[in-house]
Each structure stands twice: as C-alpha cells, then as structure tokens.
$ cat run14.pdb   # PDB, C-alpha atoms
ATOM      1  CA  MET A   2       0.000   0.000   0.000
ATOM      2  CA  ASN A   3       1.133   3.504  -0.692
ATOM      3  CA  VAL A   4       1.299   5.873   2.254
ATOM      4  CA  LEU A   5       1.013   9.623   1.749
ATOM      5  CA  SER A   6       1.412  12.430   4.280
ATOM      6  CA  LEU A   7      -1.448  14.874   4.042
ATOM      7  CA  GLN A   8      -1.659  18.262   5.635
ATOM      8  CA  PRO A   9      -5.252  19.343   6.189
ATOM      9  CA  SER A  10      -6.356  21.730   3.466
ATOM     10  CA  PRO A  11      -7.262  25.308   4.435
ATOM     11  CA  ILE A  12     -10.912  24.493   3.735
ATOM     12  CA  THR A  13     -11.104  21.523   6.103
ATOM     13  CA  THR A  14      -9.859  21.286   9.633
ATOM     14  CA  SER A  15      -9.268  17.581  10.224
ATOM     15  CA  LEU A  16      -7.715  14.581   8.543
ATOM     16  CA  PRO A  17     -11.034  12.668   8.357
ATOM     17  CA  GLU A  18     -12.613  15.602   6.504
ATOM     18  CA  THR A  19      -9.567  15.804   4.221
ATOM     19  CA  ILE A  20      -9.825  12.068   3.499
ATOM     20  CA  ARG A  21     -13.548  12.395   2.679
ATOM     21  CA  ASP A  22     -12.748  15.327   0.371
ATOM     22  CA  LEU A  23      -9.999  13.387  -1.453
ATOM     23  CA  ASN A  24     -12.234  10.317  -1.791
ATOM     24  CA  ALA A  25     -14.997  12.510  -3.250
ATOM     25  CA  VAL A  26     -12.627  14.121  -5.759
ATOM     26  CA  CYS A  27     -11.248  10.707  -6.766
ATOM     27  CA  ARG A  28     -14.802   9.479  -7.420
ATOM     28  CA  GLU A  29     -15.628  12.653  -9.378
ATOM     29  CA  VAL A  30     -12.687  12.192 -11.754
ATOM     30  CA  GLY A  31     -13.105   8.417 -11.969
ATOM     31  CA  LEU A  32      -9.887   7.584 -10.136
ATOM     32  CA  PRO A  33     -10.405   4.224  -8.375
ATOM     33  CA  LEU A  34      -8.478   4.997  -5.191
ATOM     34  CA  SER A  35      -9.615   4.190  -1.692
ATOM     35  CA  VAL A  36      -8.177   6.723   0.729
ATOM     36  CA  ASN A  37      -8.141   5.602   4.363
ATOM     37  CA  PRO A  38      -6.264   6.563   7.527
ATOM     38  CA  SER A  39      -2.904   4.834   7.836
ATOM     39  CA  THR A  40      -2.753   1.977  10.310
ATOM     40  CA  GLU A  41       0.750   3.134  11.298
ATOM     41  CA  ASP A  42      -0.043   6.816  11.908
ATOM     42  CA  PRO A  43      -3.819   7.397  11.547
ATOM     43  CA  ALA A  44      -3.700  10.990  12.774
ATOM     44  CA  ARG A  45      -1.235  12.219  10.118
ATOM     45  CA  ARG A  46      -0.997   9.783   7.201
ATOM     46  CA  VAL A  47      -3.308   8.079   4.729
ATOM     47  CA  GLU A  48      -3.122   4.946   2.625
ATOM     48  CA  LEU A  49      -4.155   5.138  -0.990
ATOM     49  CA  GLY A  50      -4.863   1.439  -1.423
ATOM     50  CA  THR A  51      -3.609  -0.476  -4.437
ATOM     51  CA  VAL A  52      -2.136   1.684  -7.157
ATOM     52  CA  ASP A  53      -1.704  -0.144 -10.453
ATOM     53  CA  GLU A  54      -0.367   1.074 -13.798
ATOM     54  CA  ASP A  55      -3.766   2.356 -14.978
ATOM     55  CA  ILE A  56      -4.217   4.441 -11.839
ATOM     56  CA  VAL A  57      -0.693   5.834 -12.154
ATOM     57  CA  LEU A  58      -1.347   6.791 -15.797
ATOM     58  CA  GLN A  59      -4.696   8.372 -14.938
ATOM     59  CA  LEU A  60      -3.260  10.300 -11.997
ATOM     60  CA  THR A  61      -0.349  11.522 -14.139
ATOM     61  CA  ASP A  62      -2.772  12.654 -16.854
ATOM     62  CA  LEU A  63      -4.973  14.488 -14.337
ATOM     63  CA  LEU A  64      -1.989  16.259 -12.822
ATOM     64  CA  ARG A  65      -0.679  17.276 -16.245
ATOM     65  CA  ARG A  66      -4.087  18.604 -17.247
ATOM     66  CA  SER A  67      -4.286  20.605 -14.036
ATOM     67  CA  MET A  68      -0.873  22.095 -14.870
ATOM     68  CA  LYS A  69      -1.819  22.966 -18.475
ATOM     69  CA  ARG A  70      -1.649  26.707 -17.826
ATOM     70  CA  ALA A  71       1.752  26.406 -16.145
ATOM     71  CA  TYR A  72       3.150  24.286 -19.002
ATOM     72  CA  GLY A  73       1.807  26.766 -21.553
ATOM     73  CA  THR A  74       3.301  29.718 -19.695
ATOM     74  CA  ARG A  75       6.674  27.959 -19.438
ATOM     75  CA  ASP A  76       6.640  27.225 -23.183
ATOM     76  CA  ARG A  77       5.610  30.815 -24.074
ATOM     77  CA  LEU A  78       8.369  32.169 -21.833
ATOM     78  CA  ARG A  79      10.932  29.921 -23.531
ATOM     79  CA  ARG A  80       9.782  31.101 -26.969
ATOM     80  CA  VAL A  81       9.801  34.805 -26.087
ATOM     81  CA  LEU A  82      13.240  34.580 -24.469
ATOM     82  CA  THR A  83      14.569  32.797 -27.558
ATOM     83  CA  ALA A  84      13.003  35.451 -29.800
ATOM     84  CA  HIS A  85      14.973  38.059 -27.845
ATOM     85  CA  GLY A  86      18.191  36.060 -28.250
ATOM     86  CA  LEU A  87      18.266  34.899 -24.624
ATOM     87  CA  VAL A  88      19.083  31.346 -23.650
ATOM     88  CA  ALA A  89      17.659  29.931 -20.421
ATOM     89  CA  PRO A  90      18.740  26.283 -20.568
ATOM     90  CA  ASP A  91      17.419  25.535 -17.080
ATOM     91  CA  LEU A  92      13.914  26.974 -17.641
ATOM     92  CA  ARG A  93      11.511  24.509 -15.998
ATOM     93  CA  LEU A  94       8.516  23.948 -13.751
ATOM     94  CA  GLU A  95       9.430  23.451 -10.116
ATOM     95  CA  ASP A  96       6.874  22.898  -7.355
ATOM     96  CA  GLY A  97       4.102  24.493  -9.419
ATOM     97  CA  GLU A  98       6.185  27.567 -10.205
ATOM     98  CA  ILE A  99       8.412  28.533 -13.127
ATOM     99  CA  ALA A 100      12.166  28.677 -12.674
ATOM    100  CA  LEU A 101      14.303  30.562 -15.169
ATOM    101  CA  GLY A 102      17.346  28.746 -13.798
ATOM    102  CA  ASN A 103      20.842  30.116 -14.209
ATOM    103  CA  LEU A 104      21.500  33.060 -16.520
ATOM    104  CA  THR A 105      24.890  34.251 -17.638
ATOM    105  CA  VAL A 106      25.693  37.755 -16.426
ATOM    106  CA  PRO A 107      25.315  39.196 -19.978
ATOM    107  CA  ALA A 108      21.962  37.380 -20.387
ATOM    108  CA  ALA A 109      20.771  38.782 -17.047
ATOM    109  CA  GLU A 110      21.836  42.282 -18.152
ATOM    110  CA  ARG A 111      20.032  41.840 -21.486
ATOM    111  CA  LEU A 112      16.869  40.702 -19.682
ATOM    112  CA  ALA A 113      17.073  43.723 -17.367
ATOM    113  CA  GLN A 114      17.277  46.005 -20.409
ATOM    114  CA  LEU A 115      14.337  44.247 -22.084
ATOM    115  CA  LEU A 116      12.357  44.887 -18.909
ATOM    116  CA  GLY A 117      13.137  48.597 -18.945
ATOM    117  CA  ALA A 118      16.552  49.070 -17.333
ATOM    118  CA  PRO A 119      18.624  51.703 -19.166
ATOM    119  CA  PRO A 120      21.232  50.241 -21.538
ATOM    120  CA  ARG A 121      24.746  49.733 -20.275
ATOM    121  CA  PRO A 122      27.483  47.344 -21.398
ATOM    122  CA  VAL A 123      28.692  44.459 -19.278
ATOM    123  CA  THR A 124      32.457  44.674 -19.343
ATOM    124  CA  ILE A 125      33.892  42.179 -16.855
ATOM    125  CA  LEU A 126      31.894  38.977 -16.648
ATOM    126  CA  ASP A 127      33.370  37.544 -13.470
ATOM    127  CA  ASP A 128      33.704  40.752 -11.468
ATOM    128  CA  TRP A 129      31.714  40.446  -8.234
ATOM    129  CA  THR A 130      30.838  44.148  -8.044
ATOM    130  CA  GLU A 131      29.614  44.353 -11.624
ATOM    131  CA  ALA A 132      27.598  41.147 -11.287
ATOM    132  CA  GLN A 133      25.938  42.535  -8.140
ATOM    133  CA  GLU A 134      25.009  45.669 -10.114
ATOM    134  CA  VAL A 135      23.469  43.524 -12.862
ATOM    135  CA  LEU A 136      21.626  41.520 -10.214
ATOM    136  CA  ALA A 137      20.195  44.688  -8.624
ATOM    137  CA  ARG A 138      19.245  46.125 -12.041
ATOM    138  CA  LEU A 139      17.436  42.930 -12.989
ATOM    139  CA  GLN A 140      15.561  42.766  -9.680
ATOM    140  CA  ARG A 141      14.419  46.390 -10.027
ATOM    141  CA  ALA A 142      13.449  46.060 -13.686
ATOM    142  CA  PHE A 143      11.619  42.784 -13.028
ATOM    143  CA  ARG A 144       9.651  44.272 -10.120
ATOM    144  CA  ASP A 145       8.711  47.373 -12.127
ATOM    145  CA  ALA A 146       7.818  45.486 -15.309
ATOM    146  CA  THR A 147       5.715  42.801 -13.621
ATOM    147  CA  GLY A 148       3.778  45.108 -11.332
ATOM    148  CA  GLY A 149       5.585  44.217  -8.125
ATOM    149  CA  GLY A 150       6.696  40.675  -8.914
ATOM    150  CA  PHE A 151       9.699  39.475  -6.948
ATOM    151  CA  LEU A 152      12.626  37.664  -8.525
ATOM    152  CA  ASP A 153      15.044  36.177  -6.005
ATOM    153  CA  LEU A 154      18.554  36.246  -7.480
ATOM    154  CA  LEU A 155      21.972  34.998  -6.393
ATOM    155  CA  PHE A 156      25.327  35.563  -8.087
ATOM    156  CA  LEU A 157      27.418  32.400  -8.407
ATOM    157  CA  SER A 158      30.984  33.224  -9.366
ATOM    158  CA  ASP A 159      32.974  30.959 -11.668
ATOM    159  CA  CYS A 160      33.826  27.507 -10.416
ATOM    160  CA  LEU A 161      37.518  26.708 -10.639
ATOM    161  CA  ARG A 162      36.886  23.009 -10.077
ATOM    162  CA  CYS A 163      34.312  22.460 -12.847
ATOM    163  CA  GLY A 164      35.258  25.352 -15.117
ATOM    164  CA  GLY A 165      31.738  26.765 -15.122
ATOM    165  CA  GLU A 166      31.266  30.426 -15.932
ATOM    166  CA  PRO A 167      29.732  32.913 -13.489
ATOM    167  CA  VAL A 168      25.940  32.936 -13.487
ATOM    168  CA  ILE A 169      23.046  34.670 -11.829
ATOM    169  CA  SER A 170      20.789  32.014 -10.368
ATOM    170  CA  THR A 171      17.059  32.704 -10.249
ATOM    171  CA  ALA A 172      14.549  31.258  -7.807
ATOM    172  CA  PRO A 173      11.150  30.127  -9.137
ATOM    173  CA  ILE A 174       8.371  32.659  -9.722
ATOM    174  CA  THR A 175       4.624  32.116  -9.641
ATOM    175  CA  VAL A 176       2.848  31.254 -12.869
ATOM    176  CA  LYS A 177       0.897  34.522 -12.567
ATOM    177  CA  THR A 178       4.138  36.537 -12.372
ATOM    178  CA  ALA A 179       5.612  34.511 -15.246
ATOM    179  CA  ARG A 180       2.552  35.337 -17.361
ATOM    180  CA  ARG A 181       3.108  39.041 -16.649
ATOM    181  CA  LEU A 182       6.772  38.625 -17.617
ATOM    182  CA  VAL A 183       5.798  36.951 -20.886
ATOM    183  CA  SER A 184       3.335  39.742 -21.627
ATOM    184  CA  VAL A 185       5.956  42.420 -21.020
ATOM    185  CA  LEU A 186       8.499  40.632 -23.197
ATOM    186  CA  GLU A 187       5.955  39.966 -25.956
ATOM    187  CA  TYR A 188       4.152  43.301 -26.011
ATOM    188  CA  GLY A 189       6.489  45.740 -24.314
ATOM    189  CA  GLY A 190       4.553  46.266 -21.138
ATOM    190  CA  GLU A 191       0.902  45.767 -22.081
ATOM    191  CA  ARG A 192      -0.431  43.551 -19.292
TER     192      ARG A 192
END

$ encode --input "run14.pdb" --output "structure tokens"
Amino acid sequence: MNVLSLQPSPITTSLPETIRDLNAVCREVGLPLSVNPSTEDPARRVELGTVDEDIVLQLTDLLRRSMKRAYGTRDRLRRVLTAHGLVAPDLRLEDGEIALGNLTVPAAERLAQLLGAPPRPVTILDDWTEAQEVLARLQRAFRDATGGGFLDLLFLSDCLRCGGEPVISTAPITVKTARRLVSVLEYGGER
C-alpha cells in the first residue's frame, strides 16, 4: 500500500474531513483509489490502497491537465526569451512555479534592459561588483515590469573546479508573475 502524508487543506480542519474530500474528488474524476487513515499513523498519514499502472497513468494525466496553464506559460516564456536572443537552458517547472534557472551575467543584463533598465554594457563577466550591479538592475526592472513581482537572485561566481562560468541564479516565480513577464516581453509592457 502507498502511504502519503497529508496536511489538512485550508478548507477543512481535520484529517477525516480531508480524506472524505480526497475520496470525493477521486470518485468525481473516476480515479479508483480508496483513501483511508494509515494503520501506522492514523492521525497524520493516509493509505491510498492499491495503485496499479492504470491508476498511475490516470493520476499523471490528471496532474498534467491541471498544470496545463503552467506548461503553456513555461513554453511561451521559452519562446519569447529565444526570440529576444536569450538562452535559459534551465527553464523549468518546479513545485508548481516557473524557474528561469541560471543566466549568464550578460543574459541577465540583457533581460534587465528588455524589462526597462537603461542600456549599459557588461564589461567584466566575473567581477563580483559588476555582477551585483546587474543583479540589482534585474531585480528592479523585473519588479517594475511585472507590477511588483519578486525575482530572487543569487550571483554564483565561476567555479575553478568544474570550469563553469559565473551565473546569476534565479529562484522560481509564480505562474501569474511569469505570465506578466511573458506579456511584457511579448508586447512591451501591455499587461
């Protein structure tokens, strides 16, 4: 049997109510799962019963369909970045949010300019001070362009051991903020 930890949803206040809710949703979507309290830890865990290949495929399909908007936003963001000559090789979905991944310092500067930062050349790619300036410019431009969206950034200097170049690492952003970003990059600020 598969055991799953469940935190009570904000709508319900107890595990039994949460279990009833999950059982109801499973019935509604035709997912033949029987959710019951765990015999090992009935106050905090549930058992999903037997999960065969068909159930796994159905559950995967349902989850993908529920993430359709996020997948579409990720794909649109990839296309618009590529159209602007920016490469974001680590662009992905992560915990229901969209992560741009690592950007080279010049790519981060270019993105800042596309989002409204005044033009300025990047001269020294591995200089800590200059990279911090690019980081601050990108954060400001991102916030202004997306109507207050926050982009958590971290400068990672070059790695002598692996030979990797310096990058600005980005934390994931919400799908809603990513949609605003796409709109700004596609239409120059029309949201």

$ closest_atom_pairs --input "run14.pdb" --of "stretch 85-166 of chain A" --to "stretch 171-192 of chain A" --cutoff "7 Å" --atoms "all atoms listed in the file" --output "tab-separated table"
residue	atom	partner	partner_atom	distance
A:Glu95	CA	A:Pro173	CA	7.0
A:Glu98	CA	A:Thr175	CA	4.8
A:Ile99	CA	A:Pro173	CA	5.1
A:Ala100	CA	A:Pro173	CA	4.0
A:Leu101	CA	A:Thr171	CA	6.0
A:Gly102	CA	A:Thr171	CA	5.3
A:Asn103	CA	A:Thr171	CA	6.1
A:Leu115	CA	A:Leu186	CA	7.0
A:Ala146	CA	A:Gly190	CA	6.7
A:Thr147	CA	A:Arg181	CA	5.5
A:Gly150	CA	A:Thr178	CA	6.0
A:Leu152	CA	A:Ile174	CA	6.7
A:Asp153	CA	A:Ala172	CA	5.3
A:Leu154	CA	A:Thr171	CA	4.7
A:Leu155	CA	A:Thr171	CA	6.7

$ write_last_selection --input "run14.pdb" --atoms "C-alpha atoms" --output "PDB file, in the frame of the given file"
ATOM      1  CA  GLU A  95       9.430  23.451 -10.116  1.00  0.00           C
ATOM      2  CA  GLU A  98       6.185  27.567 -10.205  1.00  0.00           C
ATOM      3  CA  ILE A  99       8.412  28.533 -13.127  1.00  0.00           C
ATOM      4  CA  ALA A 100      12.166  28.677 -12.674  1.00  0.00           C
ATOM      5  CA  LEU A 101      14.303  30.562 -15.169  1.00  0.00           C
ATOM      6  CA  GLY A 102      17.346  28.746 -13.798  1.00  0.00           C
ATOM      7  CA  ASN A 103      20.842  30.116 -14.209  1.00  0.00           C
ATOM      8  CA  LEU A 115      14.337  44.247 -22.084  1.00  0.00           C
ATOM      9  CA  ALA A 146       7.818  45.486 -15.309  1.00  0.00           C
ATOM     10  CA  THR A 147       5.715  42.801 -13.621  1.00  0.00           C
ATOM     11  CA  GLY A 150       6.696  40.675  -8.914  1.00  0.00           C
ATOM     12  CA  LEU A 152      12.626  37.664  -8.525  1.00  0.00           C
ATOM     13  CA  ASP A 153      15.044  36.177  -6.005  1.00  0.00           C
ATOM     14  CA  LEU A 154      18.554  36.246  -7.480  1.00  0.00           C
ATOM     15  CA  LEU A 155      21.972  34.998  -6.393  1.00  0.00           C
TER      16      LEU A 155
END

$ atom_distance --input "run14.pdb" --atom1 "atom CA of A:Phe143" --atom2 "atom CA of A:Gly117"
8.4 Å

$ atom_distance --input "run14.pdb" --atom1 "atom CA of A:Gln59" --atom2 "atom CA of A:Leu23"
15.3 Å

$ closest_residue --input "run14.pdb" --among "A:Glu166, A:Ala132, A:Leu16, A:Asn24" --to "A:Arg45" --atoms "all atoms listed in the file"
A:Leu16

$ residues_near_point --input "run14.pdb" --point "(-0.8, 3.9, -9.0)" --cutoff "12 Å" --atoms "all atoms listed in the file" --output "list in words"
Met2, Asn3, Val4, Leu32, Pro33, Leu34, Ser35, Glu48, Leu49, Gly50, Thr51, Val52, Asp53, Glu54, Asp55, Ile56, Val57, Leu58, Gln59, Leu60, Thr61 and Asp62 of chain A

$ write_last_selection --input "run14.pdb" --atoms "C-alpha atoms" --output "mmCIF file, in the coordinates of the input"
data_model
loop_
_atom_site.group_PDB
_atom_site.id
_atom_site.type_symbol
_atom_site.label_atom_id
_atom_site.label_comp_id
_atom_site.auth_asym_id
_atom_site.auth_seq_id
_atom_site.Cartn_x
_atom_site.Cartn_y
_atom_site.Cartn_z
ATOM 1 C CA MET A 2 0.000 0.000 0.000
ATOM 2 C CA ASN A 3 1.133 3.504 -0.692
ATOM 3 C CA VAL A 4 1.299 5.873 2.254
ATOM 4 C CA LEU A 32 -9.887 7.584 -10.136
ATOM 5 C CA PRO A 33 -10.405 4.224 -8.375
ATOM 6 C CA LEU A 34 -8.478 4.997 -5.191
ATOM 7 C CA SER A 35 -9.615 4.190 -1.692
ATOM 8 C CA GLU A 48 -3.122 4.946 2.625
ATOM 9 C CA LEU A 49 -4.155 5.138 -0.990
ATOM 10 C CA GLY A 50 -4.863 1.439 -1.423
ATOM 11 C CA THR A 51 -3.609 -0.476 -4.437
ATOM 12 C CA VAL A 52 -2.136 1.684 -7.157
ATOM 13 C CA ASP A 53 -1.704 -0.144 -10.453
ATOM 14 C CA GLU A 54 -0.367 1.074 -13.798
ATOM 15 C CA ASP A 55 -3.766 2.356 -14.978
ATOM 16 C CA ILE A 56 -4.217 4.441 -11.839
ATOM 17 C CA VAL A 57 -0.693 5.834 -12.154
ATOM 18 C CA LEU A 58 -1.347 6.791 -15.797
ATOM 19 C CA GLN A 59 -4.696 8.372 -14.938
ATOM 20 C CA LEU A 60 -3.260 10.300 -11.997
ATOM 21 C CA THR A 61 -0.349 11.522 -14.139
ATOM 22 C CA ASP A 62 -2.772 12.654 -16.854
#

$ atom_distance --input "run14.pdb" --atom1 "atom CA of A:Leu136" --atom2 "atom CA of A:Pro107"
10.7 Å

$ residues_near_point --input "run14.pdb" --point "(24.5, 37.5, -13.8)" --cutoff "9 Å" --atoms "only C-alpha atoms" --output "number ranges by chain"
A: 103-110, 126-127, 131-136, 139, 154-158, 167-170

$ closest_residue --input "run14.pdb" --among "A:Pro17, A:Gly73, A:Gly86, A:Gly31" --to "A:Arg111" --atoms "all atoms listed in the file"
A:Gly86

$ residues_around --input "run14.pdb" --residues "A:Arg75" --least-positions-apart "4" --cutoff "7 Å" --atoms "all atoms listed in the file" --output "short mmCIF file (atom, residue, chain, number, x, y, z; two decimals) with C-alpha atoms, in the coordinates of the input"
data_model
loop_
_atom_site.label_atom_id
_atom_site.label_comp_id
_atom_site.auth_asym_id
_atom_site.auth_seq_id
_atom_site.Cartn_x
_atom_site.Cartn_y
_atom_site.Cartn_z
CA ALA A 71 1.75 26.41 -16.14
CA ARG A 79 10.93 29.92 -23.53
CA ARG A 93 11.51 24.51 -16.00
CA ILE A 99 8.41 28.53 -13.13
#

$ build_atoms --input "run14.pdb" --residues "stretch 143-170 of chain A" --atoms "N, CA and C atoms" --output "mmCIF file, in the coordinates of the input"
data_model
loop_
_atom_site.group_PDB
_atom_site.id
_atom_site.type_symbol
_atom_site.label_atom_id
_atom_site.label_comp_id
_atom_site.auth_asym_id
_atom_site.auth_seq_id
_atom_site.Cartn_x
_atom_site.Cartn_y
_atom_site.Cartn_z
ATOM 1 N N PHE A 143 12.617 43.852 -13.113
ATOM 2 C CA PHE A 143 11.619 42.784 -13.028
ATOM 3 C C PHE A 143 10.435 43.239 -12.186
ATOM 4 N N ARG A 144 10.714 43.797 -11.015
ATOM 5 C CA ARG A 144 9.651 44.272 -10.120
ATOM 6 C C ARG A 144 8.795 45.327 -10.822
ATOM 7 N N ASP A 145 9.447 46.299 -11.464
ATOM 8 C CA ASP A 145 8.711 47.373 -12.127
ATOM 9 C C ASP A 145 7.892 46.854 -13.310
ATOM 10 N N ALA A 146 8.481 45.969 -14.100
ATOM 11 C CA ALA A 146 7.818 45.486 -15.309
ATOM 12 C C ALA A 146 6.661 44.547 -15.011
ATOM 13 N N THR A 147 6.755 43.787 -13.918
ATOM 14 C CA THR A 147 5.715 42.801 -13.621
ATOM 15 C C THR A 147 4.719 43.295 -12.583
ATOM 16 N N GLY A 148 4.744 44.561 -12.274
ATOM 17 C CA GLY A 148 3.778 45.108 -11.332
ATOM 18 C C GLY A 148 4.008 44.658 -9.902
ATOM 19 N N GLY A 149 5.267 44.580 -9.506
ATOM 20 C CA GLY A 149 5.585 44.217 -8.125
ATOM 21 C C GLY A 149 6.050 42.793 -7.939
ATOM 22 N N GLY A 150 6.207 42.047 -9.025
ATOM 23 C CA GLY A 150 6.696 40.675 -8.914
ATOM 24 C C GLY A 150 8.101 40.636 -8.340
ATOM 25 N N PHE A 151 8.396 39.599 -7.583
ATOM 26 C CA PHE A 151 9.699 39.475 -6.948
ATOM 27 C C PHE A 151 10.486 38.354 -7.610
ATOM 28 N N LEU A 152 11.727 38.649 -7.950
ATOM 29 C CA LEU A 152 12.626 37.664 -8.525
ATOM 30 C C LEU A 152 13.830 37.548 -7.605
ATOM 31 N N ASP A 153 13.942 36.421 -6.930
ATOM 32 C CA ASP A 153 15.044 36.177 -6.005
ATOM 33 C C ASP A 153 16.259 35.744 -6.815
ATOM 34 N N LEU A 154 17.355 36.484 -6.677
ATOM 35 C CA LEU A 154 18.554 36.246 -7.480
ATOM 36 C C LEU A 154 19.766 36.030 -6.586
ATOM 37 N N LEU A 155 20.724 35.255 -7.103
ATOM 38 C CA LEU A 155 21.972 34.998 -6.393
ATOM 39 C C LEU A 155 23.092 34.891 -7.418
ATOM 40 N N PHE A 156 24.182 35.637 -7.195
ATOM 41 C CA PHE A 156 25.327 35.563 -8.087
ATOM 42 C C PHE A 156 26.205 34.393 -7.664
ATOM 43 N N LEU A 157 26.511 33.528 -8.633
ATOM 44 C CA LEU A 157 27.418 32.400 -8.407
ATOM 45 C C LEU A 157 28.659 32.637 -9.262
ATOM 46 N N SER A 158 29.765 32.933 -8.613
ATOM 47 C CA SER A 158 30.984 33.224 -9.366
ATOM 48 C C SER A 158 31.497 31.952 -10.030
ATOM 49 N N ASP A 159 32.474 32.107 -10.909
ATOM 50 C CA ASP A 159 32.974 30.959 -11.668
ATOM 51 C C ASP A 159 33.509 29.877 -10.733
ATOM 52 N N CYS A 160 33.405 28.658 -11.191
ATOM 53 C CA CYS A 160 33.826 27.507 -10.416
ATOM 54 C C CYS A 160 35.157 27.013 -10.972
ATOM 55 N N LEU A 161 36.206 27.141 -10.180
ATOM 56 C CA LEU A 161 37.518 26.708 -10.639
ATOM 57 C C LEU A 161 37.581 25.193 -10.826
ATOM 58 N N ARG A 162 36.839 24.463 -10.004
ATOM 59 C CA ARG A 162 36.886 23.009 -10.077
ATOM 60 C C ARG A 162 36.223 22.480 -11.346
ATOM 61 N N CYS A 163 35.029 22.998 -11.684
ATOM 62 C CA CYS A 163 34.312 22.460 -12.847
ATOM 63 C C CYS A 163 34.459 23.326 -14.090
ATOM 64 N N GLY A 164 35.055 24.498 -13.955
ATOM 65 C CA GLY A 164 35.258 25.352 -15.117
ATOM 66 C C GLY A 164 34.017 26.092 -15.565
ATOM 67 N N GLY A 165 32.974 26.077 -14.757
ATOM 68 C CA GLY A 165 31.738 26.765 -15.122
ATOM 69 C C GLY A 165 31.889 28.268 -15.036
ATOM 70 N N GLU A 166 31.186 28.970 -15.925
ATOM 71 C CA GLU A 166 31.266 30.426 -15.932
ATOM 72 C C GLU A 166 30.349 31.016 -14.862
ATOM 73 N N PRO A 167 30.589 32.271 -14.488
ATOM 74 C CA PRO A 167 29.732 32.913 -13.489
ATOM 75 C C PRO A 167 28.298 33.026 -14.009
ATOM 76 N N VAL A 168 27.348 32.845 -13.113
ATOM 77 C CA VAL A 168 25.940 32.936 -13.487
ATOM 78 C C VAL A 168 25.167 33.664 -12.394
ATOM 79 N N ILE A 169 24.001 34.143 -12.784
ATOM 80 C CA ILE A 169 23.046 34.670 -11.829
ATOM 81 C C ILE A 169 21.928 33.642 -11.763
ATOM 82 N N SER A 170 21.778 33.058 -10.587
ATOM 83 C CA SER A 170 20.789 32.014 -10.368
ATOM 84 C C SER A 170 19.469 32.655 -9.961
#
